[in-house]
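The structure file work-v7.tsv is reproduced below (TSV, C-alpha atoms and all ligand atoms).
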```
chain	number	residue	atom	x	y	z
A	135	MET	CA	0.00	0.00	0.00
A	136	LYS	CA	1.40	3.36	-1.00
A	137	LEU	CA	0.25	6.23	1.16
A	138	ASP	CA	0.20	9.77	-0.13
A	139	VAL	CA	1.66	11.38	2.96
A	140	PRO	CA	0.75	15.07	2.39
A	141	THR	CA	-2.90	14.19	1.60
A	142	LEU	CA	-2.97	11.97	4.64
A	143	PHE	CA	-1.61	14.76	6.77
A	144	VAL	CA	-4.33	17.17	5.66
A	145	ALA	CA	-7.06	14.53	6.27
A	146	VAL	CA	-5.79	13.62	9.74
A	147	THR	CA	-5.35	17.25	10.77
A	148	LEU	CA	-8.80	18.27	9.56
A	149	LEU	CA	-10.45	15.29	11.22
A	150	SER	CA	-8.78	15.95	14.58
A	151	LEU	CA	-9.79	19.62	14.42
A	152	LEU	CA	-13.37	18.73	13.56
A	153	THR	CA	-13.60	16.15	16.38
A	154	ALA	CA	-12.22	18.75	18.83
A	155	VAL	CA	-14.77	21.35	17.75
A	156	TRP	CA	-17.73	18.95	18.00
A	157	VAL	CA	-16.70	17.78	21.47
A	158	CYS	CA	-16.55	21.42	22.63
A	159	VAL	CA	-19.99	22.05	21.08
A	160	MET	CA	-21.35	18.93	22.84
A	161	ALA	CA	-20.07	20.27	26.17
A	162	TRP	CA	-22.42	23.24	25.98
A	163	GLY	CA	-25.05	23.06	28.76
A	164	GLN	CA	-24.08	19.47	29.73
A	165	PRO	CA	-23.88	18.54	33.44
A	166	SER	CA	-20.43	17.02	32.69
A	167	ARG	CA	-19.32	20.05	30.63
A	168	GLU	CA	-16.07	20.63	32.55
A	169	ALA	CA	-14.90	17.15	31.67
A	170	LEU	CA	-15.98	17.53	28.02
A	171	TRP	CA	-14.29	20.91	27.68
A	172	ALA	CA	-11.05	19.47	29.03
A	173	TRP	CA	-11.37	16.64	26.50
A	174	GLY	CA	-12.08	19.13	23.69
A	175	ALA	CA	-8.99	21.10	24.73
A	176	ALA	CA	-6.99	17.84	24.65
A	177	LEU	CA	-8.11	17.27	21.05
A	178	LEU	CA	-7.22	20.84	20.07
A	179	SER	CA	-3.80	20.30	21.59
A	180	PHE	CA	-3.44	17.09	19.56
A	181	PHE	CA	-4.40	19.06	16.44
A	182	ALA	CA	-1.76	21.71	17.30
A	183	GLY	CA	0.78	18.92	17.77
A	184	ASN	CA	0.07	17.64	14.24
A	185	LEU	CA	0.64	21.11	12.81
A	186	LEU	CA	3.86	21.58	14.75
A	187	PHE	CA	5.27	18.21	13.64
A	188	ALA	CA	4.54	19.27	10.06
A	189	LEU	CA	6.96	22.19	10.47
A	190	GLN	CA	9.86	19.71	10.38
A	191	GLY	CA	12.16	20.81	7.61
A	192	HIS	CA	10.69	24.31	7.57
A	193	ALA	CA	11.74	25.42	11.09
A	194	PRO	CA	15.13	24.94	12.80
A	195	ASP	CA	15.57	21.52	14.43
A	196	PRO	CA	14.69	20.35	17.05
A	197	LEU	CA	12.04	23.04	17.56
A	198	PRO	CA	9.17	21.26	15.69
A	199	LEU	CA	9.97	17.99	17.47
A	200	ILE	CA	9.98	19.59	20.92
A	201	SER	CA	6.92	21.80	20.39
A	202	GLY	CA	4.98	18.93	18.74
A	203	ASN	CA	5.76	16.59	21.62
A	204	LEU	CA	4.89	19.34	24.10
A	205	ALA	CA	1.44	19.64	22.49
A	206	CYS	CA	1.00	15.83	22.62
A	207	ALA	CA	2.02	15.73	26.30
A	208	ALA	CA	-0.46	18.58	26.95
A	209	SER	CA	-3.13	16.59	25.11
A	210	LEU	CA	-2.58	13.55	27.39
A	211	ALA	CA	-2.49	15.77	30.51
A	212	LEU	CA	-5.82	17.33	29.48
A	213	MET	CA	-7.36	13.88	28.86
A	214	GLN	CA	-6.25	12.91	32.36
A	215	LEU	CA	-7.79	16.12	33.70
A	216	ALA	CA	-11.05	15.35	31.83
A	217	LEU	CA	-11.16	11.89	33.40
A	218	TRP	CA	-10.45	13.34	36.85
A	219	ARG	CA	-13.30	15.83	36.39
A	220	PHE	CA	-15.61	13.04	35.17
A	221	GLN	CA	-14.74	10.98	38.25
A	222	LEU	CA	-15.45	14.07	40.40
A	223	ARG	CA	-12.05	13.85	42.06
A	224	LYS	CA	-11.05	16.85	44.10
A	225	GLY	CA	-8.70	19.05	42.00
A	226	LEU	CA	-5.85	17.77	39.88
A	227	GLY	CA	-3.63	20.61	41.14
A	228	LEU	CA	-0.52	21.18	39.11
A	229	ARG	CA	0.53	17.55	39.25
A	230	GLY	CA	-1.06	16.65	35.94
A	231	LEU	CA	0.72	19.49	34.15
A	232	LEU	CA	4.16	18.75	35.62
A	233	PRO	CA	5.21	16.42	32.79
A	234	LEU	CA	4.85	19.35	30.35
A	235	ALA	CA	7.84	21.10	31.96
A	236	LEU	CA	9.94	18.01	31.21
A	237	VAL	CA	9.52	18.30	27.44
A	238	PRO	CA	11.45	21.60	26.92
A	239	LEU	CA	13.91	20.50	29.60
A	240	PHE	CA	14.70	17.30	27.69
A	241	GLY	CA	14.86	19.39	24.52
A	242	LEU	CA	17.46	21.74	25.97
A	243	LEU	CA	19.55	18.99	27.52
A	244	PHE	CA	19.59	16.65	24.51
A	245	ALA	CA	19.00	19.02	21.58
A	246	ASN	CA	21.36	17.16	19.25
A	247	GLN	CA	20.64	13.63	20.33
A	248	GLN	CA	17.46	12.65	18.48
A	249	ARG	CA	17.46	9.06	19.77
A	250	VAL	CA	17.68	10.15	23.43
A	251	LEU	CA	14.94	12.72	22.85
A	252	LEU	CA	12.69	10.17	21.18
A	253	GLY	CA	13.27	7.69	24.03
A	254	LEU	CA	12.53	10.29	26.73
A	255	PHE	CA	9.34	11.57	25.06
A	256	THR	CA	8.12	8.01	24.56
A	257	LEU	CA	8.83	7.23	28.22
A	258	LEU	CA	6.90	10.36	29.25
A	259	PHE	CA	3.85	9.27	27.23
A	260	VAL	CA	4.08	5.77	28.72
A	261	VAL	CA	3.91	7.29	32.22
A	262	GLN	CA	1.04	9.64	31.28
A	263	ILE	CA	-1.05	6.85	29.75
A	264	GLY	CA	-0.17	4.65	32.73
A	265	LEU	CA	-1.75	7.30	35.00
A	266	ILE	CA	-4.88	7.38	32.83
A	267	LEU	CA	-5.14	3.57	32.91
A	268	GLY	CA	-4.66	3.67	36.69
A	269	ALA	CA	-7.58	6.12	37.04
A	270	LEU	CA	-9.77	3.92	34.82
A	271	LEU	CA	-8.94	0.83	36.88
A	272	ASP	CA	-9.15	2.52	40.30
A	273	PRO	CA	-11.30	0.20	42.48
A	274	ALA	CA	-12.24	3.16	44.72
A	275	GLN	CA	-14.27	4.58	41.81
A	276	LYS	CA	-17.66	3.05	41.08
A	277	GLN	CA	-16.97	2.48	37.40
A	278	HIS	CA	-18.73	0.38	34.84
A	279	GLY	CA	-20.13	0.68	31.36
A	280	ARG	CA	-18.99	0.07	27.83
A	281	GLY	CA	-17.46	3.54	27.37
A	282	ARG	CA	-14.87	2.74	30.02
A	283	TYR	CA	-13.99	-0.53	28.30
A	284	ILE	CA	-13.43	1.32	25.01
A	285	LEU	CA	-11.02	3.65	26.82
A	286	LEU	CA	-9.27	0.77	28.59
A	287	ILE	CA	-8.80	-1.25	25.41
A	288	THR	CA	-7.61	1.70	23.32
A	289	PHE	CA	-5.29	3.26	25.91
A	290	GLY	CA	-4.03	-0.26	26.73
A	291	ALA	CA	-3.19	-0.90	23.06
A	292	VAL	CA	-1.46	2.49	22.72
A	293	GLU	CA	0.52	1.80	25.90
A	294	LEU	CA	1.74	-1.52	24.47
A	295	MET	CA	2.69	0.18	21.20
A	296	LEU	CA	4.62	2.87	23.06
A	297	LEU	CA	6.41	0.29	25.19
A	298	ALA	CA	7.41	-1.59	22.03
A	299	ARG	CA	8.64	1.66	20.52
A	300	LEU	CA	10.61	2.51	23.68
A	301	LEU	CA	12.28	-0.90	23.48
A	302	ALA	CA	13.04	-0.37	19.78
A	303	VAL	CA	14.61	3.02	20.50
A	304	VAL	CA	16.69	1.70	23.42
A	305	LEU	CA	17.91	-1.29	21.36
A	306	GLY	CA	18.60	0.92	18.36
A	307	TRP	CA	16.05	-0.82	16.07
A	308	GLU	CA	13.96	2.32	15.47
A	309	ARG	CA	15.35	4.39	12.65
A	310	VAL	CA	15.75	7.95	13.85
A	311	GLY	CA	15.84	10.11	10.76
A	312	SER	CA	16.18	13.80	10.22
A	313	GLY	CA	12.40	14.05	10.34
A	314	VAL	CA	12.36	16.24	7.26
A	315	GLU	CA	10.15	13.85	5.27
A	316	LEU	CA	7.36	11.72	6.66
A	317	ASP	CA	8.03	8.19	5.41
A	318	GLN	CA	5.47	5.39	4.97
A	319	TRP	CA	6.13	3.91	8.43
A	320	GLN	CA	5.62	7.29	10.10
A	321	ALA	CA	2.44	7.77	8.08
A	322	MET	CA	1.07	4.48	9.46
A	323	VAL	CA	1.88	5.59	13.03
A	324	PHE	CA	0.09	8.82	12.21
A	325	ILE	CA	-3.10	7.01	11.13
A	326	ALA	CA	-2.96	4.64	14.12
A	327	THR	CA	-2.66	7.62	16.48
A	328	LEU	CA	-5.66	9.33	14.89
A	329	ALA	CA	-7.69	6.10	15.11
A	330	ALA	CA	-6.78	5.85	18.81
A	331	VAL	CA	-7.73	9.49	19.45
A	332	ILE	CA	-11.13	9.03	17.77
A	333	SER	CA	-11.69	5.74	19.61
A	334	VAL	CA	-10.94	7.17	23.09
A	335	THR	CA	-13.06	10.24	22.29
A	336	LEU	CA	-16.04	8.03	21.37
A	337	GLY	CA	-15.44	6.01	24.57
A	338	PHE	CA	-15.32	9.14	26.72
A	339	VAL	CA	-18.45	10.66	25.19
A	340	TYR	CA	-20.18	7.28	25.63
A	341	MET	CA	-19.14	7.21	29.32
A	342	ILE	CA	-20.77	10.60	29.80
A	343	MET	CA	-23.94	9.48	28.01
A	344	GLU	CA	-24.11	6.33	30.14
A	345	ARG	CA	-23.84	8.40	33.31
A	346	ALA	CA	-26.62	10.76	32.14
A	347	GLU	CA	-28.83	7.75	31.34
A	348	LEU	CA	-28.22	6.22	34.76
A	349	ARG	CA	-28.99	9.54	36.42
A	350	ASN	CA	-32.27	9.87	34.49
A	351	PHE	CA	-33.21	6.32	35.45
A	352	GLU	CA	-32.48	7.06	39.11
A	353	LEU	CA	-34.49	10.28	38.98
A	354	ALA	CA	-37.43	8.38	37.52
A	355	MET	CA	-37.28	5.33	39.81
A	356	LYS	CA	-35.53	6.34	43.03
A	357	ASP	CA	-36.65	8.31	46.04
A	358	MET	CA	-33.92	10.90	46.44
A	359	LEU	CA	-34.29	11.31	50.22
A	360	THR	CA	-33.99	7.66	51.24
A	361	GLY	CA	-32.29	6.14	48.19
A	362	LEU	CA	-35.04	3.46	48.07
A	363	SER	CA	-37.31	2.77	45.09
A	364	ASN	CA	-39.97	5.45	44.76
A	365	ARG	CA	-43.70	4.75	44.75
A	366	ARG	CA	-43.84	4.17	41.01
A	367	ALA	CA	-40.91	1.75	41.02
A	368	ILE	CA	-42.07	-0.31	44.02
A	369	SER	CA	-45.59	-0.46	42.55
A	370	ASP	CA	-44.13	-1.79	39.28
A	371	GLN	CA	-42.09	-4.33	41.23
A	372	LEU	CA	-45.18	-5.43	43.17
A	373	HIS	CA	-47.24	-5.85	39.98
A	374	ALA	CA	-44.47	-7.99	38.47
A	375	ALA	CA	-44.15	-10.07	41.65
A	376	VAL	CA	-47.93	-10.66	41.81
A	377	ALA	CA	-48.06	-11.74	38.16
A	378	ARG	CA	-45.11	-14.13	38.71
A	379	ALA	CA	-46.62	-15.61	41.92
A	380	GLN	CA	-49.97	-16.10	40.15
A	381	ARG	CA	-48.34	-17.84	37.19
A	382	GLN	CA	-46.29	-20.16	39.34
A	383	GLY	CA	-48.75	-20.53	42.25
A	384	GLN	CA	-46.14	-19.18	44.67
A	385	LEU	CA	-46.30	-17.49	48.05
A	386	LEU	CA	-46.04	-13.72	48.28
A	387	SER	CA	-46.22	-11.36	51.24
A	388	VAL	CA	-46.59	-7.62	51.45
A	389	LEU	CA	-45.73	-5.40	54.43
A	390	MET	CA	-47.04	-1.86	54.76
A	391	MET	CA	-45.28	0.18	57.43
A	392	ASP	CA	-45.70	3.70	58.76
A	393	ILE	CA	-43.57	5.68	61.22
A	394	ASP	CA	-45.43	6.36	64.48
A	395	HIS	CA	-46.14	9.95	65.51
A	396	PHE	CA	-43.78	11.23	62.86
A	397	LYS	CA	-45.43	14.66	62.98
A	398	ARG	CA	-44.18	14.99	66.57
A	399	ILE	CA	-40.60	14.32	65.44
A	400	ASN	CA	-40.89	17.06	62.80
A	401	ASP	CA	-42.51	19.43	65.28
A	402	SER	CA	-39.94	18.78	68.04
A	403	TYR	CA	-36.68	18.67	66.05
A	404	GLY	CA	-37.55	20.28	62.71
A	405	HIS	CA	-38.18	19.01	59.20
A	406	GLN	CA	-34.49	18.35	58.45
A	407	ALA	CA	-34.22	16.11	61.51
A	408	GLY	CA	-37.38	14.35	60.28
A	409	ASP	CA	-35.71	13.79	56.91
A	410	ARG	CA	-32.67	12.30	58.63
A	411	VAL	CA	-34.91	9.95	60.66
A	412	LEU	CA	-36.65	8.85	57.44
A	413	HIS	CA	-33.29	8.15	55.85
A	414	GLY	CA	-32.03	6.27	58.93
A	415	ILE	CA	-35.13	4.06	59.13
A	416	ALA	CA	-34.90	3.32	55.40
A	417	GLN	CA	-31.30	2.14	55.94
A	418	THR	CA	-32.23	0.02	58.95
A	419	LEU	CA	-35.05	-1.66	57.03
A	420	SER	CA	-33.23	-2.27	53.76
A	421	SER	CA	-30.12	-3.63	55.51
A	422	ARG	CA	-32.21	-6.41	57.04
A	423	LEU	CA	-33.90	-7.63	53.85
A	424	ARG	CA	-32.78	-10.47	51.58
A	425	ALA	CA	-31.55	-9.75	48.07
A	426	GLN	CA	-34.82	-10.90	46.47
A	427	ASP	CA	-36.99	-8.69	48.74
A	428	GLN	CA	-37.99	-5.25	47.51
A	429	ILE	CA	-38.59	-2.11	49.50
A	430	GLY	CA	-39.81	1.32	48.46
A	431	ARG	CA	-41.03	4.58	49.92
A	432	PHE	CA	-44.74	4.45	49.30
A	433	GLY	CA	-45.76	7.80	50.77
A	434	GLY	CA	-44.44	10.52	53.12
A	435	GLU	CA	-43.51	8.25	56.06
A	436	GLU	CA	-44.81	4.97	54.65
A	437	PHE	CA	-42.75	2.08	53.29
A	438	LEU	CA	-43.89	-0.92	51.27
A	439	VAL	CA	-41.97	-4.21	51.37
A	440	VAL	CA	-42.59	-7.01	48.86
A	441	LEU	CA	-41.45	-10.50	49.92
A	442	PRO	CA	-41.51	-13.06	47.08
A	443	ASP	CA	-41.63	-16.77	48.05
A	444	THR	CA	-42.68	-15.88	51.60
A	445	GLY	CA	-45.79	-17.08	53.41
A	446	LEU	CA	-47.62	-15.37	56.26
A	447	ASP	CA	-45.59	-17.01	59.06
A	448	GLY	CA	-42.25	-15.97	57.56
A	449	ALA	CA	-43.55	-12.46	56.85
A	450	LEU	CA	-44.73	-12.03	60.45
A	451	ILE	CA	-41.33	-13.11	61.79
A	452	LEU	CA	-39.53	-10.69	59.46
A	453	ALA	CA	-41.97	-7.85	60.25
A	454	GLU	CA	-41.37	-8.31	63.97
A	455	ALA	CA	-37.59	-8.28	63.38
A	456	LEU	CA	-37.89	-5.07	61.36
A	457	ARG	CA	-40.06	-3.41	63.99
A	458	ALA	CA	-37.60	-4.34	66.75
A	459	ALA	CA	-34.61	-3.16	64.64
A	460	VAL	CA	-36.16	0.29	64.07
A	461	GLU	CA	-37.03	0.62	67.77
A	462	ALA	CA	-33.44	-0.30	68.73
A	463	THR	CA	-31.80	2.10	66.23
A	464	PRO	CA	-32.33	5.76	67.15
A	465	THR	CA	-31.12	8.45	64.75
A	466	GLN	CA	-28.37	10.80	65.89
A	467	TRP	CA	-29.20	14.45	65.24
A	468	GLY	CA	-26.57	16.74	66.76
A	469	VAL	CA	-26.68	16.11	70.50
A	470	HIS	CA	-30.05	14.42	70.20
A	471	SER	CA	-30.72	10.74	69.81
A	472	ILE	CA	-34.15	10.55	68.18
A	473	ALA	CA	-36.03	7.33	68.87
A	474	ALA	CA	-38.76	6.25	66.47
A	475	THR	CA	-41.01	3.25	66.06
A	476	ILE	CA	-43.05	1.82	63.20
A	477	SER	CA	-46.39	0.06	62.88
A	478	ILE	CA	-46.60	-2.77	60.34
A	479	GLY	CA	-49.51	-4.44	58.55
A	480	VAL	CA	-48.88	-7.84	56.94
A	481	ARG	CA	-50.73	-9.58	54.13
A	482	GLY	CA	-49.22	-12.93	53.18
A	483	GLY	CA	-49.96	-16.30	51.61
A	484	VAL	CA	-50.61	-17.92	48.27
A	485	VAL	CA	-51.64	-15.49	45.55
A	486	THR	CA	-54.78	-16.59	43.73
A	487	GLY	CA	-56.09	-15.51	40.35
A	488	ALA	CA	-58.52	-13.19	42.13
A	489	ASP	CA	-55.77	-11.23	43.91
A	490	THR	CA	-54.51	-7.93	42.57
A	491	ALA	CA	-51.52	-5.80	43.56
A	492	ASP	CA	-53.83	-3.02	44.76
A	493	GLY	CA	-55.91	-5.54	46.74
A	494	LEU	CA	-52.81	-6.85	48.55
A	495	VAL	CA	-51.62	-3.32	49.37
A	496	GLY	CA	-55.12	-2.40	50.61
A	497	ALA	CA	-55.19	-5.45	52.89
A	498	ALA	CA	-51.72	-4.72	54.32
A	499	ASP	CA	-52.70	-1.06	54.75
A	500	ALA	CA	-55.85	-2.01	56.69
A	501	ALA	CA	-53.77	-4.26	58.95
A	502	MET	CA	-51.32	-1.39	59.49
A	503	TYR	CA	-54.17	0.86	60.66
A	504	GLN	CA	-55.22	-1.89	63.09
A	505	ALA	CA	-51.67	-1.81	64.47
A	506	LYS	CA	-51.96	1.97	64.91
A	507	ALA	CA	-55.35	1.62	66.61
A	508	ALA	CA	-53.99	-1.09	68.91
A	509	GLY	CA	-51.30	1.23	70.31
A	510	ARG	CA	-48.61	1.53	67.53
A	511	ASN	CA	-45.08	-0.01	67.49
A	512	ARG	CA	-46.58	-3.39	66.65
A	513	VAL	CA	-47.30	-5.85	63.86
A	514	GLU	CA	-50.79	-6.89	62.77
A	515	GLN	CA	-51.84	-9.37	60.10
A	516	SER	CA	-54.57	-8.93	57.57
A	517	SER	CA	-57.76	-10.87	58.11
A	518	ARG	CA	-58.48	-10.81	54.34
B	601	LIG	N1	-39.44	15.52	57.46
B	601	LIG	C1	-40.34	15.00	56.63
B	601	LIG	N2	-41.60	14.86	57.02
B	601	LIG	C2	-42.49	14.29	56.20
B	601	LIG	C3	-42.12	13.88	54.92
B	601	LIG	N3	-43.22	13.34	54.32
B	601	LIG	C4	-44.23	13.45	55.22
B	601	LIG	N4	-43.81	14.02	56.35
B	601	LIG	C5	-44.55	14.36	57.56
B	601	LIG	O1	-45.04	13.17	58.18
B	601	LIG	C6	-46.11	13.57	59.06
B	601	LIG	C7	-47.18	12.53	59.04
B	601	LIG	O2	-48.06	12.89	60.02
B	601	LIG	P1	-49.40	12.09	60.30
B	601	LIG	O3	-49.97	11.60	59.01
B	601	LIG	O4	-50.25	12.95	61.17
B	601	LIG	O5	-48.94	10.82	61.05
B	601	LIG	P2	-48.04	10.61	62.32
B	601	LIG	O6	-47.70	11.87	63.03
B	601	LIG	O7	-46.89	9.78	61.92
B	601	LIG	O8	-48.98	9.80	63.25
B	601	LIG	P3	-49.41	8.28	63.12
B	601	LIG	O9	-49.14	7.83	61.72
B	601	LIG	O10	-50.86	8.25	63.42
B	601	LIG	O11	-48.60	7.52	64.12
B	601	LIG	C8	-46.56	14.94	58.58
B	601	LIG	O12	-46.17	15.89	59.54
B	601	LIG	C9	-45.78	15.18	57.29
B	601	LIG	O13	-45.44	16.52	57.14
B	601	LIG	C10	-40.78	14.05	54.51
B	601	LIG	O14	-40.35	13.72	53.40
B	601	LIG	N5	-39.92	14.61	55.40
```
Will you turn the file into structure tokens for me?
Ligand SMILES: Nc1nc2c(ncn2[C@@H]2O[C@H](COP(=O)(O)OP(=O)(O)OP(=O)(O)O)[C@@H](O)[C@H]2O)c(=O)[nH]1
Amino acid sequence: MKLDVPTLFVAVTLLSLLTAVWVCVMAWGQPSREALWAWGAALLSFFAGNLLFALQGHAPDPLPLISGNLACAASLALMQLALWRFQLRKGLGLRGLLPLALVPLFGLLFANQQRVLLGLFTLLFVVQIGLILGALLDPAQKQHGRGRYILLITFGAVELMLLARLLAVVLGWERVGSGVELDQWQAMVFIATLAAVISVTLGFVYMIMERAELRNFELAMKDMLTGLSNRRAISDQLHAAVARAQRQGQLLSVLMMDIDHFKRINDSYGHQAGDRVLHGIAQTLSSRLRAQDQIGRFGGEEFLVVLPDTGLDGALILAEALRAAVEATPTQWGVHSIAATISIGVRGGVVTGADTADGLVGAADAAMYQAKAAGRNRVEQSSR
């Protein structure tokens, strides 16, 4: 394959500029705009690097080499910054930009030794990409999604290529020319670099889209105060559980619970303290449920628990354990320790074809009101 190097250069340069501009446009008004702007700046820096490398032969050596590598190091530093911003880490400080100072320093020290310069710049990029890979693999970050895998695979491949190049330079296999003319081999490296830049950009944009999607899903299905499923989500889960239990003739229990005298807590300690109590009780309840059980905030201070494969006896035992756990776990609010109790209504047993999700909730709700009437902080079962 014969590559027309000047045409290739124009294509690659234009494409990198266009990608940079579109990423900056995409950043407009986005919640993750800081990260996207940093990424856009990284692409612009990569574009500038291409232009500077092209000055080889037209500007005194090793100026194009040093300035081009400086722009590439800046591009990697900005990608690292973008990732840091995406991961919401506290400030990158000047650490991420430190490697940039090394480029002119190497240039001054080894101006006439192209091989040493090439080796040092390659080593610098290996370290920079290593830091990016480290951030992507950091177990302290809750990371998942396909975008991250695209970044890991691409940066991983580039890191291997750079390590191979470093070895070739050290062993003297890599031909270090005057750099005046781009040869076919350099043109291939050029294309591979552009492909990698486009690939990591797609991965990064995809990561941001995945996060926005997750956030929308959480807003639609989660109760923001307690972190539990909201009314819509727990109702959907109950409908699905009822349909499954009816199909398979299985047991299903439903618990409706309500915090006792919650108004008094709000009136005595304030609404914020009430919110904290709600959150604390939600934690106490959800930490005691099995993985297959579902819990949601059904109303202001009401929770609904759905227990698949559970008959009345098992549900009553669990309800009593939950009641006792809430009673034994007061919420700390400043110097105050706020005690709270809950009343629970239980409806459990085999689900028949005549049962509906609303009917089960109504029965558990009626039992819960019996518990209130009988003195609160207790469990009652439905007679229906
Ligand atoms: N802090 C806070 N309070 C809430 C929230 N949602 C509902 N409430 C309050 O919960 C209280 C419920 O009061 P009531 O329905 O009278 O019931 P209660 O005081 O718990 O009394 P019983 O249920 O009869 O034991 C009201 O004061 C609501 O304002 C919330 O998200 N945060």
Which residues form the shell of 6 Å around ligand LIG 601 (chain B) when you count all atoms listed in the file, given as a list of chain:residue names? A:Ile393, A:Asp394, A:His395, A:Phe396, A:Lys397, A:Arg398, A:Asn400, A:His405, A:Gln406, A:Gly408, A:Asp409, A:Gly434, A:Glu435
From the set A:Ala416, A:Val485, A:Ala154, A:Leu285, which residue has the shortest atom-to-atom contact distance to Met358 in chain A, counting all atoms listed in the file? A:Ala416
Who sits within 12 Å of Met213 in chain A, only C-alpha atoms, same chain under 6 positions skipped, as an NGL selection string: :A and (168-180 or 206-207 or 219-220 or 226 or 230-231 or 262-263 or 265-267 or 269-270 or 285 or 289 or 331 or 334-335 or 338)
Selection near range 448-465 of chain A, 8 Å with all atoms listed in the file, sequence-local residues under 3 positions removed, as a ChimeraX atom specification: /A:387-389,410-411,414-415,418-419,422,441,444-445,471-478,480,482,511-513,515
Restricting the calculation to only C-alpha atoms, which member of A:Ala216, A:Val250, A:Leu239, A:Ala321 is positioned closest to Val144 in chain A? A:Ala321
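Candidate residues A:Gly479, A:Pro273, A:Pro233, A:Pro165 were compared for distance to Leu212 in chain A, and the nearest is A:Pro233, using all atoms listed in the file.
The smallest atom-to-atom distance between Ser150 in chain A and any of A:Ala508, A:Ala326, A:Ala182, A:Leu446, using all atoms listed in the file, is found for A:Ala182.
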Selection near range 359-376 of chain A, 10 Å with all atoms listed in the file, sequence-local residues under 5 positions removed, as a ChimeraX atom specification: /A:352-354,381-388,409-417,420,428-433,436-443,485-487,489-492,494-495
Output the selection as a PDB file, in the coordinates of the input - C-alpha atoms for each residue.
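Result written to part-v3.pdb:
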```pdb
ATOM      1  CA  GLU A 352     -32.480   7.060  39.110  1.00  0.00           C
ATOM      2  CA  LEU A 353     -34.490  10.280  38.980  1.00  0.00           C
ATOM      3  CA  ALA A 354     -37.430   8.380  37.520  1.00  0.00           C
ATOM      4  CA  ARG A 381     -48.340 -17.840  37.190  1.00  0.00           C
ATOM      5  CA  GLN A 382     -46.290 -20.160  39.340  1.00  0.00           C
ATOM      6  CA  GLY A 383     -48.750 -20.530  42.250  1.00  0.00           C
ATOM      7  CA  GLN A 384     -46.140 -19.180  44.670  1.00  0.00           C
ATOM      8  CA  LEU A 385     -46.300 -17.490  48.050  1.00  0.00           C
ATOM      9  CA  LEU A 386     -46.040 -13.720  48.280  1.00  0.00           C
ATOM     10  CA  SER A 387     -46.220 -11.360  51.240  1.00  0.00           C
ATOM     11  CA  VAL A 388     -46.590  -7.620  51.450  1.00  0.00           C
ATOM     12  CA  ASP A 409     -35.710  13.790  56.910  1.00  0.00           C
ATOM     13  CA  ARG A 410     -32.670  12.300  58.630  1.00  0.00           C
ATOM     14  CA  VAL A 411     -34.910   9.950  60.660  1.00  0.00           C
ATOM     15  CA  LEU A 412     -36.650   8.850  57.440  1.00  0.00           C
ATOM     16  CA  HIS A 413     -33.290   8.150  55.850  1.00  0.00           C
ATOM     17  CA  GLY A 414     -32.030   6.270  58.930  1.00  0.00           C
ATOM     18  CA  ILE A 415     -35.130   4.060  59.130  1.00  0.00           C
ATOM     19  CA  ALA A 416     -34.900   3.320  55.400  1.00  0.00           C
ATOM     20  CA  GLN A 417     -31.300   2.140  55.940  1.00  0.00           C
ATOM     21  CA  SER A 420     -33.230  -2.270  53.760  1.00  0.00           C
ATOM     22  CA  GLN A 428     -37.990  -5.250  47.510  1.00  0.00           C
ATOM     23  CA  ILE A 429     -38.590  -2.110  49.500  1.00  0.00           C
ATOM     24  CA  GLY A 430     -39.810   1.320  48.460  1.00  0.00           C
ATOM     25  CA  ARG A 431     -41.030   4.580  49.920  1.00  0.00           C
ATOM     26  CA  PHE A 432     -44.740   4.450  49.300  1.00  0.00           C
ATOM     27  CA  GLY A 433     -45.760   7.800  50.770  1.00  0.00           C
ATOM     28  CA  GLU A 436     -44.810   4.970  54.650  1.00  0.00           C
ATOM     29  CA  PHE A 437     -42.750   2.080  53.290  1.00  0.00           C
ATOM     30  CA  LEU A 438     -43.890  -0.920  51.270  1.00  0.00           C
ATOM     31  CA  VAL A 439     -41.970  -4.210  51.370  1.00  0.00           C
ATOM     32  CA  VAL A 440     -42.590  -7.010  48.860  1.00  0.00           C
ATOM     33  CA  LEU A 441     -41.450 -10.500  49.920  1.00  0.00           C
ATOM     34  CA  PRO A 442     -41.510 -13.060  47.080  1.00  0.00           C
ATOM     35  CA  ASP A 443     -41.630 -16.770  48.050  1.00  0.00           C
ATOM     36  CA  VAL A 485     -51.640 -15.490  45.550  1.00  0.00           C
ATOM     37  CA  THR A 486     -54.780 -16.590  43.730  1.00  0.00           C
ATOM     38  CA  GLY A 487     -56.090 -15.510  40.350  1.00  0.00           C
ATOM     39  CA  ASP A 489     -55.770 -11.230  43.910  1.00  0.00           C
ATOM     40  CA  THR A 490     -54.510  -7.930  42.570  1.00  0.00           C
ATOM     41  CA  ALA A 491     -51.520  -5.800  43.560  1.00  0.00           C
ATOM     42  CA  ASP A 492     -53.830  -3.020  44.760  1.00  0.00           C
ATOM     43  CA  LEU A 494     -52.810  -6.850  48.550  1.00  0.00           C
ATOM     44  CA  VAL A 495     -51.620  -3.320  49.370  1.00  0.00           C
TER      45      VAL A 495
END
```
For range 483-502 of chain A, I'd like the enclosing box, axis-aligned and padded by 8 Å on every side, reported as lines of an AutoDock Vina configuration file with centre and edge lengths in Å to one decimal.
```
center_x = -54.2
center_y = -9.5
center_z = 49.9
size_x = 24.6
size_y = 32.9
size_z = 35.1
```
Report the distance between CA of Ala346 in chain A and CA of Val159 in chain A in Å, rounded to one decimal place. 17.1 Å
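Note that the spacing between CA of Arg249 in chain A and CA of Val303 in chain A amounts to 6.7 Å.
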